[in-house]
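For reference, structure-v4.cif (mmCIF, C-alpha atoms):
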```cif
data_structure
loop_
_atom_site.group_PDB
_atom_site.id
_atom_site.type_symbol
_atom_site.label_atom_id
_atom_site.label_comp_id
_atom_site.auth_asym_id
_atom_site.auth_seq_id
_atom_site.Cartn_x
_atom_site.Cartn_y
_atom_site.Cartn_z
ATOM 1 C CA MET T 287 74.756 97.556 239.570
ATOM 2 C CA MET T 288 77.011 94.887 238.038
ATOM 3 C CA THR T 289 75.529 91.385 238.324
ATOM 4 C CA GLU T 290 77.099 87.954 237.946
ATOM 5 C CA ARG T 291 75.295 87.513 234.643
ATOM 6 C CA ASP T 292 76.705 90.840 233.449
ATOM 7 C CA ILE T 293 80.162 89.384 234.087
ATOM 8 C CA LEU T 294 79.141 86.322 232.067
ATOM 9 C CA VAL T 295 78.047 88.507 229.143
ATOM 10 C CA ILE T 296 81.406 90.301 229.078
ATOM 11 C CA LEU T 297 83.191 86.947 229.450
ATOM 12 C CA ALA T 298 81.233 85.494 226.513
ATOM 13 C CA LEU T 299 82.232 88.398 224.276
ATOM 14 C CA ALA T 300 85.861 88.026 225.348
ATOM 15 C CA ARG T 301 85.695 84.367 224.279
ATOM 16 C CA TYR T 302 83.663 84.647 221.054
ATOM 17 C CA TYR T 303 84.443 88.278 220.043
ATOM 18 C CA VAL T 304 81.208 88.996 218.093
ATOM 19 C CA LEU T 305 77.766 87.865 219.249
ATOM 20 C CA ASN T 306 74.210 88.933 218.557
ATOM 21 C CA ARG T 307 71.474 89.198 221.156
ATOM 22 C CA GLN T 308 70.110 85.725 220.397
ATOM 23 C CA GLN T 309 73.505 84.098 220.938
ATOM 24 C CA ILE T 310 74.054 85.978 224.209
ATOM 25 C CA GLN T 311 70.564 85.036 225.360
ATOM 26 C CA ARG T 312 71.262 81.381 224.609
ATOM 27 C CA LEU T 313 74.583 81.464 226.479
ATOM 28 C CA VAL T 314 73.760 83.615 229.509
ATOM 29 C CA PHE T 315 69.976 84.082 229.775
ATOM 30 C CA PRO T 316 68.482 80.748 228.619
ATOM 31 C CA GLN T 317 65.350 81.246 230.739
ATOM 32 C CA ASP T 318 64.598 84.647 229.182
ATOM 33 C CA GLU T 319 62.051 83.415 226.635
ATOM 34 C CA ASN T 320 61.041 86.781 225.163
ATOM 35 C CA GLY T 321 64.495 88.389 225.364
ATOM 36 C CA ARG T 322 63.356 91.323 227.496
ATOM 37 C CA VAL T 323 65.856 90.753 230.318
ATOM 38 C CA THR T 324 68.686 90.171 227.854
ATOM 39 C CA ARG T 325 67.976 93.422 226.001
ATOM 40 C CA ARG T 326 67.819 95.395 229.246
ATOM 41 C CA ARG T 327 71.131 94.076 230.540
ATOM 42 C CA LEU T 328 72.839 94.574 227.183
ATOM 43 C CA GLN T 329 71.621 98.164 227.034
ATOM 44 C CA SER T 330 72.945 98.782 230.537
ATOM 45 C CA LEU T 331 76.361 97.316 229.685
ATOM 46 C CA VAL T 332 76.558 99.356 226.474
ATOM 47 C CA SER T 333 75.554 102.546 228.305
ATOM 48 C CA GLU T 334 78.251 101.967 230.926
ATOM 49 C CA LYS T 335 80.782 101.170 228.140
ATOM 50 C CA PHE T 336 81.528 97.667 229.422
ATOM 51 C CA ILE T 337 80.677 96.256 225.971
ATOM 52 C CA ASN T 338 80.433 97.711 222.470
ATOM 53 C CA ARG T 339 77.484 97.580 220.098
ATOM 54 C CA GLN T 340 77.614 97.858 216.322
ATOM 55 C CA THR T 341 74.642 98.475 214.055
ATOM 56 C CA LEU T 342 74.692 96.357 210.915
ATOM 57 C CA GLN T 343 75.453 98.415 207.825
ATOM 58 C CA PHE T 344 75.214 95.548 205.344
ATOM 59 C CA CYS T 345 72.297 93.143 205.522
ATOM 60 C CA HIS T 346 70.648 90.800 203.032
ATOM 61 C CA PRO T 347 66.821 91.079 202.998
ATOM 62 C CA SER T 348 66.616 87.526 204.382
ATOM 63 C CA GLN T 349 68.853 88.370 207.348
ATOM 64 C CA SER T 350 68.095 90.147 210.605
ATOM 65 C CA PRO T 351 69.301 93.793 210.845
ATOM 66 C CA ALA T 352 69.710 93.472 214.631
ATOM 67 C CA PRO T 353 72.957 94.902 216.105
ATOM 68 C CA VAL T 354 75.916 92.851 217.268
ATOM 69 C CA TYR T 355 78.093 93.174 220.366
ATOM 70 C CA PHE T 356 81.857 92.923 220.855
ATOM 71 C CA PRO T 357 84.340 93.520 223.712
ATOM 72 C CA ALA T 358 85.142 96.971 225.108
ATOM 73 C CA ARG T 359 88.333 98.005 226.863
ATOM 74 C CA LYS T 360 86.513 98.826 230.093
ATOM 75 C CA GLY T 361 84.924 95.388 230.098
ATOM 76 C CA VAL T 362 88.127 93.397 229.596
ATOM 77 C CA GLU T 363 89.806 95.475 232.311
ATOM 78 C CA LEU T 364 86.942 94.478 234.607
ATOM 79 C CA LEU T 365 87.489 90.798 233.729
ATOM 80 C CA ALA T 366 91.220 91.082 234.428
ATOM 81 C CA GLU T 367 90.472 92.531 237.868
ATOM 82 C CA HIS T 368 87.552 90.210 238.632
ATOM 83 C CA PHE T 369 89.418 86.990 237.745
ATOM 84 C CA GLY T 370 92.919 88.189 238.602
ATOM 85 C CA ASP T 371 94.102 87.349 235.093
ATOM 86 C CA GLU T 372 95.941 89.974 233.046
ATOM 87 C CA HIS T 373 95.611 87.820 229.922
ATOM 88 C CA PHE T 374 92.156 89.369 229.486
ATOM 89 C CA LEU T 375 93.896 92.650 228.686
ATOM 90 C CA THR T 376 95.045 91.166 225.352
ATOM 91 C CA THR T 377 91.414 90.611 224.266
ATOM 92 C CA PRO T 378 90.758 92.338 220.908
ATOM 93 C CA THR T 379 88.383 95.287 221.258
ATOM 94 C CA GLN T 380 88.543 96.746 217.737
ATOM 95 C CA SER T 381 85.279 97.028 215.800
ATOM 96 C CA PRO T 382 84.607 94.126 213.431
ATOM 97 C CA VAL T 383 84.716 95.053 209.747
ATOM 98 C CA PRO T 384 81.023 95.747 208.980
ATOM 99 C CA HIS T 385 80.735 93.623 205.839
ATOM 100 C CA HIS T 386 82.311 90.656 207.690
ATOM 101 C CA THR T 387 79.835 90.735 210.582
ATOM 102 C CA PHE T 388 77.752 87.754 209.468
ATOM 103 C CA HIS T 389 80.936 85.794 208.904
ATOM 104 C CA TRP T 390 81.996 86.507 212.498
ATOM 105 C CA LEU T 391 78.586 85.434 213.778
ATOM 106 C CA ALA T 392 78.890 82.153 211.861
ATOM 107 C CA VAL T 393 82.353 81.551 213.343
ATOM 108 C CA SER T 394 80.901 82.216 216.803
ATOM 109 C CA ASP T 395 78.119 79.701 216.142
ATOM 110 C CA THR T 396 80.691 77.028 215.273
ATOM 111 C CA HIS T 397 82.769 77.926 218.323
ATOM 112 C CA ILE T 398 79.691 77.679 220.576
ATOM 113 C CA THR T 399 78.851 74.311 219.019
ATOM 114 C CA PHE T 400 82.297 72.888 219.821
ATOM 115 C CA ASP T 401 82.147 74.282 223.362
ATOM 116 C CA GLU T 402 78.762 72.635 223.923
ATOM 117 C CA ALA T 403 80.005 69.359 222.439
ATOM 118 C CA ILE T 404 82.986 69.363 224.802
ATOM 119 C CA LYS T 405 80.697 69.956 227.803
ATOM 120 C CA ARG T 406 78.500 66.979 226.874
ATOM 121 C CA GLN T 407 81.271 64.410 227.405
ATOM 122 C CA SER T 408 84.479 63.894 229.362
ATOM 123 C CA LEU T 409 86.709 62.000 226.941
ATOM 124 C CA VAL T 410 87.813 64.856 224.673
ATOM 125 C CA THR T 411 89.147 68.149 226.009
ATOM 126 C CA MET T 412 89.755 71.462 224.302
ATOM 127 C CA GLY T 413 93.138 72.991 225.053
ATOM 128 C CA GLY T 414 92.324 76.434 223.725
ATOM 129 C CA TRP T 415 90.609 78.370 220.941
ATOM 130 C CA LEU T 416 92.108 81.260 218.991
ATOM 131 C CA ASN T 417 90.003 83.673 216.981
ATOM 132 C CA GLU T 418 91.477 85.586 214.066
ATOM 133 C CA TRP T 419 92.521 88.624 216.130
ATOM 134 C CA ASP T 420 93.493 86.878 219.363
ATOM 135 C CA ILE T 421 97.073 87.148 220.585
ATOM 136 C CA VAL T 422 98.682 83.692 220.505
ATOM 137 C CA ASN T 423 101.633 84.282 222.855
ATOM 138 C CA LYS T 424 99.807 86.256 225.554
ATOM 139 C CA ASP T 425 102.711 85.990 228.001
ATOM 140 C CA GLU T 426 105.020 87.970 225.725
ATOM 141 C CA SER T 427 105.438 91.382 227.356
ATOM 142 C CA ILE T 428 106.904 93.145 224.303
ATOM 143 C CA PRO T 429 104.014 94.150 221.987
ATOM 144 C CA GLU T 430 106.000 93.844 218.756
ATOM 145 C CA LYS T 431 106.876 90.229 219.604
ATOM 146 C CA ARG T 432 103.256 89.189 219.995
ATOM 147 C CA PHE T 433 101.641 87.467 217.018
ATOM 148 C CA ARG T 434 98.265 86.187 215.817
ATOM 149 C CA LEU T 435 97.048 83.283 213.690
ATOM 150 C CA TYR T 436 97.826 85.217 210.512
ATOM 151 C CA THR T 437 101.167 83.829 209.353
ATOM 152 C CA LEU T 438 103.404 85.435 206.754
ATOM 153 C CA ILE T 439 105.182 82.383 205.388
ATOM 154 C CA ARG T 440 107.107 83.999 202.567
ATOM 155 C CA GLU T 441 107.678 87.590 201.451
ATOM 156 C CA SER T 442 108.386 86.914 197.772
ATOM 157 C CA PRO T 443 106.393 85.569 196.178
ATOM 158 C CA ARG T 444 104.050 86.490 199.010
ATOM 159 C CA LEU T 445 102.453 83.553 200.803
ATOM 160 C CA VAL T 446 100.298 83.796 203.906
ATOM 161 C CA CYS T 447 98.022 81.540 205.925
ATOM 162 C CA ALA T 448 95.057 83.267 207.558
ATOM 163 C CA PRO T 449 92.658 80.865 209.325
ATOM 164 C CA ASP T 450 89.335 82.040 210.723
ATOM 165 C CA SER T 451 90.084 80.253 214.004
ATOM 166 C CA ALA T 452 92.217 77.495 215.488
ATOM 167 C CA PHE T 453 91.730 75.114 218.400
ATOM 168 C CA LEU T 454 93.373 72.152 220.082
ATOM 169 C CA LEU T 455 91.609 68.875 220.897
ATOM 170 C CA SER T 456 93.116 66.212 223.145
ATOM 171 C CA VAL T 457 92.286 62.579 223.874
ATOM 172 C CA ALA T 458 94.386 60.958 226.608
ATOM 173 C CA ASP T 459 97.967 62.043 225.828
ATOM 174 C CA HIS T 460 97.363 62.753 222.142
ATOM 175 C CA SER T 461 96.566 66.271 220.938
ATOM 176 C CA LYS T 462 95.894 67.752 217.519
ATOM 177 C CA ILE T 463 95.423 71.229 216.067
ATOM 178 C CA PHE T 464 92.402 72.102 213.940
ATOM 179 C CA TYR T 465 92.011 75.226 211.814
ATOM 180 C CA LEU T 466 88.549 76.519 210.949
ATOM 181 C CA GLU T 467 87.468 77.920 207.608
ATOM 182 C CA GLN T 468 83.879 79.166 207.867
ATOM 183 C CA ASP T 469 82.433 79.329 204.362
ATOM 184 C CA ARG T 470 79.411 81.512 203.603
ATOM 185 C CA ALA T 471 79.446 81.116 199.807
ATOM 186 C CA THR T 472 80.546 84.728 199.312
ATOM 187 C CA SER T 473 83.566 83.755 197.174
ATOM 188 C CA GLY T 474 83.919 81.438 194.221
ATOM 189 C CA VAL T 475 84.885 77.824 194.811
ATOM 190 C CA ALA T 476 87.879 78.031 192.467
ATOM 191 C CA GLN T 477 89.064 81.240 194.130
ATOM 192 C CA ILE T 478 88.958 79.650 197.590
ATOM 193 C CA ALA T 479 90.791 76.541 196.408
ATOM 194 C CA ALA T 480 93.521 78.595 194.744
ATOM 195 C CA SER T 481 94.005 81.133 197.542
ATOM 196 C CA LYS T 482 93.640 79.020 200.686
ATOM 197 C CA THR T 483 95.422 75.753 199.980
ATOM 198 C CA PRO T 484 99.041 76.920 199.374
ATOM 199 C CA GLY T 485 99.323 78.608 202.774
ATOM 200 C CA TYR T 486 98.061 75.602 204.692
ATOM 201 C CA ALA T 487 100.250 73.225 202.667
ATOM 202 C CA MET T 488 103.369 75.225 203.512
ATOM 203 C CA LEU T 489 102.270 75.667 207.125
ATOM 204 C CA SER T 490 102.206 71.876 207.405
ATOM 205 C CA GLN T 491 105.486 71.297 205.577
ATOM 206 C CA ALA T 492 107.355 73.765 207.785
ATOM 207 C CA PHE T 493 105.563 72.627 211.000
ATOM 208 C CA LEU T 494 104.557 76.250 211.577
ATOM 209 C CA HIS T 495 101.277 75.141 213.180
ATOM 210 C CA ARG T 496 103.311 74.432 216.323
ATOM 211 C CA ARG T 497 103.743 78.169 216.898
ATOM 212 C CA HIS T 498 100.011 78.331 217.668
ATOM 213 C CA PHE T 499 99.606 75.382 220.046
ATOM 214 C CA GLU T 500 101.783 72.620 221.481
ATOM 215 C CA SER T 501 100.627 69.389 219.865
ATOM 216 C CA THR T 502 101.780 65.788 219.765
ATOM 217 C CA ALA T 503 100.652 65.456 216.130
ATOM 218 C CA ASP T 504 103.061 66.236 213.293
ATOM 219 C CA THR T 505 100.309 67.784 211.220
ATOM 220 C CA PHE T 506 96.853 69.360 211.562
ATOM 221 C CA SER T 507 93.443 69.369 209.898
ATOM 222 C CA VAL T 508 91.571 72.226 208.248
ATOM 223 C CA LEU T 509 87.834 72.088 208.931
ATOM 224 C CA MET T 510 85.686 73.762 206.288
ATOM 225 C CA VAL T 511 82.080 74.375 207.393
ATOM 226 C CA THR T 512 79.800 75.089 204.438
ATOM 227 C CA PRO T 513 76.230 76.463 204.168
ATOM 228 C CA SER T 514 74.995 73.607 201.961
ATOM 229 C CA GLU T 515 75.813 70.057 200.968
ATOM 230 C CA ARG T 516 76.228 71.116 197.328
ATOM 231 C CA ARG T 517 78.748 73.775 198.329
ATOM 232 C CA ARG T 518 80.573 71.230 200.510
ATOM 233 C CA ASP T 519 80.971 68.793 197.630
ATOM 234 C CA ALA T 520 81.987 71.531 195.184
ATOM 235 C CA LEU T 521 84.770 72.634 197.520
ATOM 236 C CA ARG T 522 85.919 69.051 198.020
ATOM 237 C CA LYS T 523 86.201 68.647 194.256
ATOM 238 C CA ALA T 524 87.983 71.986 193.787
ATOM 239 C CA ILE T 525 90.576 71.292 196.508
ATOM 240 C CA LYS T 526 91.084 67.605 195.668
ATOM 241 C CA ASP T 527 94.138 68.152 193.427
ATOM 242 C CA LYS T 528 95.577 71.156 195.280
ATOM 243 C CA PRO T 529 98.684 70.992 197.497
ATOM 244 C CA GLY T 530 97.853 69.824 201.006
ATOM 245 C CA ALA T 531 94.433 68.476 199.980
ATOM 246 C CA GLU T 532 94.842 65.662 202.521
ATOM 247 C CA LEU T 533 94.673 68.239 205.343
ATOM 248 C CA TRP T 534 91.111 69.309 204.576
ATOM 249 C CA ARG T 535 87.806 68.101 206.046
ATOM 250 C CA PHE T 536 84.376 69.399 205.027
ATOM 251 C CA ALA T 537 80.989 69.425 206.764
ATOM 252 C CA HIS T 538 77.599 70.932 206.008
ATOM 253 C CA VAL T 539 76.619 73.401 208.753
ATOM 254 C CA ALA T 540 73.439 71.428 209.523
ATOM 255 C CA ASP T 541 75.653 68.508 210.590
ATOM 256 C CA VAL T 542 77.872 70.665 212.807
ATOM 257 C CA THR T 543 75.854 70.216 215.993
ATOM 258 C CA PRO T 544 76.880 69.474 219.595
ATOM 259 C CA GLU T 545 75.499 65.968 219.177
ATOM 260 C CA LYS T 546 77.424 65.158 215.996
ATOM 261 C CA VAL T 547 80.507 67.325 215.638
ATOM 262 C CA LEU T 548 82.965 65.147 217.597
ATOM 263 C CA PHE T 549 81.901 61.517 217.306
ATOM 264 C CA GLU T 550 79.536 61.244 214.327
ATOM 265 C CA PRO T 551 80.795 60.646 210.737
ATOM 266 C CA VAL T 552 79.956 64.071 209.287
ATOM 267 C CA TRP T 553 83.409 65.190 208.072
ATOM 268 C CA PHE T 554 84.285 64.441 204.438
ATOM 269 C CA SER T 555 87.786 64.367 202.965
ATOM 270 C CA CYS T 556 88.619 65.270 199.374
ATOM 271 C CA LYS T 557 89.055 61.704 198.140
ATOM 272 C CA LYS T 558 87.103 59.374 200.386
ATOM 273 C CA GLU T 559 83.374 59.100 199.640
ATOM 274 C CA GLU T 560 82.328 58.162 203.157
ATOM 275 C CA PRO T 561 82.647 60.717 205.988
ATOM 276 C CA ASP T 562 84.576 60.172 209.211
ATOM 277 C CA PRO T 563 84.215 61.534 212.748
ATOM 278 C CA LEU T 564 86.799 63.879 214.223
ATOM 279 C CA VAL T 565 87.306 61.427 217.071
ATOM 280 C CA LYS T 566 87.157 57.714 216.396
ATOM 281 C CA GLN T 567 85.540 55.126 218.603
ATOM 282 C CA PRO T 568 86.595 53.075 220.501
ATOM 283 C CA LEU T 569 88.689 55.742 222.149
ATOM 284 C CA GLU T 570 92.354 54.801 222.266
ATOM 285 C CA LEU T 571 95.612 56.682 221.992
ATOM 286 C CA ASN T 572 96.073 58.552 218.717
ATOM 287 C CA VAL T 573 92.407 58.477 217.803
ATOM 288 C CA ILE T 574 91.901 62.056 216.674
ATOM 289 C CA ALA T 575 91.266 62.105 212.939
ATOM 290 C CA ALA T 576 94.131 63.517 210.946
ATOM 291 C CA THR T 577 95.314 63.188 207.351
ATOM 292 C CA GLU T 578 94.671 60.420 204.848
ATOM 293 C CA THR T 579 96.234 57.154 206.054
ATOM 294 C CA PRO T 580 98.796 55.639 203.672
ATOM 295 C CA GLN T 581 97.920 52.082 202.680
ATOM 296 C CA SER T 582 101.028 50.749 204.380
ATOM 297 C CA GLU T 583 99.862 51.951 207.775
ATOM 298 C CA SER T 584 97.450 50.255 210.108
ATOM 299 C CA GLU T 585 93.785 50.872 209.495
ATOM 300 C CA HIS T 586 93.573 51.987 213.116
ATOM 301 C CA ALA T 587 96.096 54.818 212.675
ATOM 302 C CA PRO T 588 94.893 58.429 212.644
ATOM 303 C CA GLN T 589 93.047 59.463 209.507
#
```

Represent the supplied structure as structure tokens.
Amino acid sequence: MMTERDILVILALARYYVLNRQQIQRLVFPQDENGRVTRRRLQSLVSEKFINRQTLQFCHPSQSPAPVYFPARKGVELLAEHFGDEHFLTTPTQSPVPHHTFHWLAVSDTHITFDEAIKRQSLVTMGGWLNEWDIVNKDESIPEKRFRLYTLIRESPRLVCAPDSAFLLSVADHSKIFYLEQDRATSGVAQIAASKTPGYAMLSQAFLHRRHFESTADTFSVLMVTPSERRRDALRKAIKDKPGAELWRFAHVADVTPEKVLFEPVWFSCKKEEPDPLVKQPLELNVIAATETPQSESEHAPQ
């Protein structure tokens, strides 16, 4: 028998794409201290093909080999019927690439953190979140006209921009787009700086970020979440002299918490030694942190 919490499990996977049992338990079954109820309901949903389960094929000895869950076609069809919203039918249901599973889980953790931060206050709103495989223009009826975050900017020489996620934050009548880069220290610092920065720089120059969300800001910020403070500072140094360096903000994952992520100064730029918050206080129009402020502008302008 389908329960309301079963619907919430399927809904969580539609929003976050890949979750493990602990994340689902935290989101849907917070009173289930030993995880027994969560496991039973997940097994039932897998057996009835409302959700998919994937066994980890690649796992570091320090990491848990527990399976992960992701949306199934039958489940998103149920959501479309239950909520009367055909947009659920565009939810990605393909299996995550096995060796990227821990990356997806880290992205989900950051997404959950921002969702919880938004719920804790009423001044900042989130206008949407796009994962890597989500359809951006869900109302487009012709499949070949639908597109995702991945942006082919130039064919020759080839230049692309492929964020891990994107979201829109709004304060009063000001809104700004943020792109997420979830770093797990699996690639070299120099490689990341060389491969990631040109796409974002051109995305900003051509205002192509506006194809993802409607925003009042002329530019956007790229948020890099790193596994350590040392890695954070190494990436800041590597990107400092790259094109579009002013777009980037960096935070250590331990500082990316619901309590800190919006209003606390935990986000470092490439050049400034002191961190800034994403949203400045006192809250006024145009307070969402943006790019470096030219010296000729007011100190109260977006950063």

Any chance you could tabulate, as a tab-separated table, the residues of range 331-440 of chain T at most 8 Å from range 461-482 of chain T with each one's nearest atom pair and distance in Å to one decimal, using only C-alpha atoms, in chain and rising number order?
```
residue	atom	partner	partner_atom	distance
T:His389	CA	T:Arg470	CA	7.0
T:Ala392	CA	T:Gln468	CA	7.1
T:Val393	CA	T:Gln468	CA	6.2
```

Up to 12 Å from (83.3, 72.4, 208.8) in the file's coordinates: name the residues, counting only C-alpha atoms, as a PDB file with C-alpha atoms, in the coordinates of the input.
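And here is the file that came out, out06.pdb:
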```pdb
ATOM      1  CA  ALA T 392      78.890  82.153 211.861  1.00  0.00           C
ATOM      2  CA  VAL T 393      82.353  81.551 213.343  1.00  0.00           C
ATOM      3  CA  ASP T 395      78.119  79.701 216.142  1.00  0.00           C
ATOM      4  CA  THR T 396      80.691  77.028 215.273  1.00  0.00           C
ATOM      5  CA  HIS T 397      82.769  77.926 218.323  1.00  0.00           C
ATOM      6  CA  THR T 399      78.851  74.311 219.019  1.00  0.00           C
ATOM      7  CA  PHE T 400      82.297  72.888 219.821  1.00  0.00           C
ATOM      8  CA  ASP T 450      89.335  82.040 210.723  1.00  0.00           C
ATOM      9  CA  SER T 451      90.084  80.253 214.004  1.00  0.00           C
ATOM     10  CA  PHE T 464      92.402  72.102 213.940  1.00  0.00           C
ATOM     11  CA  TYR T 465      92.011  75.226 211.814  1.00  0.00           C
ATOM     12  CA  LEU T 466      88.549  76.519 210.949  1.00  0.00           C
ATOM     13  CA  GLU T 467      87.468  77.920 207.608  1.00  0.00           C
ATOM     14  CA  GLN T 468      83.879  79.166 207.867  1.00  0.00           C
ATOM     15  CA  ASP T 469      82.433  79.329 204.362  1.00  0.00           C
ATOM     16  CA  ARG T 470      79.411  81.512 203.603  1.00  0.00           C
ATOM     17  CA  SER T 507      93.443  69.369 209.898  1.00  0.00           C
ATOM     18  CA  VAL T 508      91.571  72.226 208.248  1.00  0.00           C
ATOM     19  CA  LEU T 509      87.834  72.088 208.931  1.00  0.00           C
ATOM     20  CA  MET T 510      85.686  73.762 206.288  1.00  0.00           C
ATOM     21  CA  VAL T 511      82.080  74.375 207.393  1.00  0.00           C
ATOM     22  CA  THR T 512      79.800  75.089 204.438  1.00  0.00           C
ATOM     23  CA  PRO T 513      76.230  76.463 204.168  1.00  0.00           C
ATOM     24  CA  SER T 514      74.995  73.607 201.961  1.00  0.00           C
ATOM     25  CA  GLU T 515      75.813  70.057 200.968  1.00  0.00           C
ATOM     26  CA  ARG T 517      78.748  73.775 198.329  1.00  0.00           C
ATOM     27  CA  ARG T 518      80.573  71.230 200.510  1.00  0.00           C
ATOM     28  CA  ASP T 519      80.971  68.793 197.630  1.00  0.00           C
ATOM     29  CA  LEU T 521      84.770  72.634 197.520  1.00  0.00           C
ATOM     30  CA  ARG T 522      85.919  69.051 198.020  1.00  0.00           C
ATOM     31  CA  TRP T 534      91.111  69.309 204.576  1.00  0.00           C
ATOM     32  CA  ARG T 535      87.806  68.101 206.046  1.00  0.00           C
ATOM     33  CA  PHE T 536      84.376  69.399 205.027  1.00  0.00           C
ATOM     34  CA  ALA T 537      80.989  69.425 206.764  1.00  0.00           C
ATOM     35  CA  HIS T 538      77.599  70.932 206.008  1.00  0.00           C
ATOM     36  CA  VAL T 539      76.619  73.401 208.753  1.00  0.00           C
ATOM     37  CA  ALA T 540      73.439  71.428 209.523  1.00  0.00           C
ATOM     38  CA  ASP T 541      75.653  68.508 210.590  1.00  0.00           C
ATOM     39  CA  VAL T 542      77.872  70.665 212.807  1.00  0.00           C
ATOM     40  CA  THR T 543      75.854  70.216 215.993  1.00  0.00           C
ATOM     41  CA  LYS T 546      77.424  65.158 215.996  1.00  0.00           C
ATOM     42  CA  VAL T 547      80.507  67.325 215.638  1.00  0.00           C
ATOM     43  CA  LEU T 548      82.965  65.147 217.597  1.00  0.00           C
ATOM     44  CA  VAL T 552      79.956  64.071 209.287  1.00  0.00           C
ATOM     45  CA  TRP T 553      83.409  65.190 208.072  1.00  0.00           C
ATOM     46  CA  PHE T 554      84.285  64.441 204.438  1.00  0.00           C
ATOM     47  CA  SER T 555      87.786  64.367 202.965  1.00  0.00           C
ATOM     48  CA  PRO T 563      84.215  61.534 212.748  1.00  0.00           C
ATOM     49  CA  LEU T 564      86.799  63.879 214.223  1.00  0.00           C
TER      50      LEU T 564
END
```

Test item: residues at most 10 Å from Arg327 in chain T, only C-alpha atoms, excluding those fewer than 5 positions along its chain, as a CSV table (one decimal) with C-alpha atoms, in the frame of the given file:
```csv
chain,number,residue,atom,x,y,z
T,288,MET,CA,77.0,94.9,238.0
T,289,THR,CA,75.5,91.4,238.3
T,291,ARG,CA,75.3,87.5,234.6
T,292,ASP,CA,76.7,90.8,233.4
T,295,VAL,CA,78.0,88.5,229.1
T,322,ARG,CA,63.4,91.3,227.5
T,332,VAL,CA,76.6,99.4,226.5
T,333,SER,CA,75.6,102.5,228.3
```

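Excluding Thr341 in chain T and any residue on its chain fewer than 4 positions from it, the residues at most 10 Å away by all atoms listed in the file are T:Pro351, T:Ala352, T:Pro353, T:Val354, T:Tyr355, T:Pro384, T:Thr387.
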
**Given only C-alpha atoms as the counted atoms, nearest of T:Ala524, T:Ile398, T:Ala452, T:Leu533 to Gln309 in chain T** = T:Ile398

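Across the structure, CA of Trp415 in chain T and CA of Pro357 in chain T are spaced 16.6 Å apart.
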
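Atom pair CA of His498 in chain T / CA of Leu297 in chain T has a distance of 22.3 Å (rounded to one decimal).
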
**Request:** May I have the residues within 9 Å of range 380-383 of chain T as a count of residues only, using all atoms listed in the file and disregarding those fewer than 2 positions away in the same chain?
**Result:** 13

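Between CA of Leu294 in chain T and CA of Glu418 in chain T the interatomic distance comes to 21.8 Å.
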
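In this comparison, which uses all atoms listed in the file, the residue of T:Glu402, T:Asp504, T:Glu372, T:Glu532 approaching Ala492 in chain T most closely is T:Asp504.
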
Output range 311-322 of chain T as a short mmCIF file (atom, residue, chain, number, x, y, z; two decimals), keeping the file's coordinate frame, making sure N, CA and C atoms are there.
```
data_model
loop_
_atom_site.label_atom_id
_atom_site.label_comp_id
_atom_site.auth_asym_id
_atom_site.auth_seq_id
_atom_site.Cartn_x
_atom_site.Cartn_y
_atom_site.Cartn_z
N GLN T 311 71.71 85.54 224.61
CA GLN T 311 70.56 85.04 225.36
C GLN T 311 70.68 83.53 225.57
N ARG T 312 71.10 82.83 224.52
CA ARG T 312 71.26 81.38 224.61
C ARG T 312 72.36 81.00 225.60
N LEU T 313 73.44 81.79 225.63
CA LEU T 313 74.58 81.46 226.48
C LEU T 313 74.39 81.87 227.94
N VAL T 314 73.77 83.03 228.17
CA VAL T 314 73.76 83.62 229.51
C VAL T 314 72.36 83.71 230.11
N PHE T 315 71.34 83.90 229.28
CA PHE T 315 69.98 84.08 229.78
C PHE T 315 69.03 83.05 229.15
N PRO T 316 69.30 81.75 229.30
CA PRO T 316 68.48 80.75 228.62
C PRO T 316 67.03 80.71 229.07
N GLN T 317 66.73 81.23 230.24
CA GLN T 317 65.35 81.25 230.74
C GLN T 317 64.57 82.48 230.29
N ASP T 318 65.23 83.40 229.63
CA ASP T 318 64.60 84.65 229.18
C ASP T 318 63.92 84.40 227.84
N GLU T 319 62.71 83.89 227.85
CA GLU T 319 62.05 83.42 226.64
C GLU T 319 61.76 84.52 225.63
N ASN T 320 61.38 85.71 226.09
CA ASN T 320 61.04 86.78 225.16
C ASN T 320 62.19 87.75 224.92
N GLY T 321 63.33 87.56 225.59
CA GLY T 321 64.50 88.39 225.36
C GLY T 321 64.49 89.73 226.07
N ARG T 322 63.47 90.01 226.87
CA ARG T 322 63.36 91.32 227.50
C ARG T 322 64.50 91.58 228.49
#
```
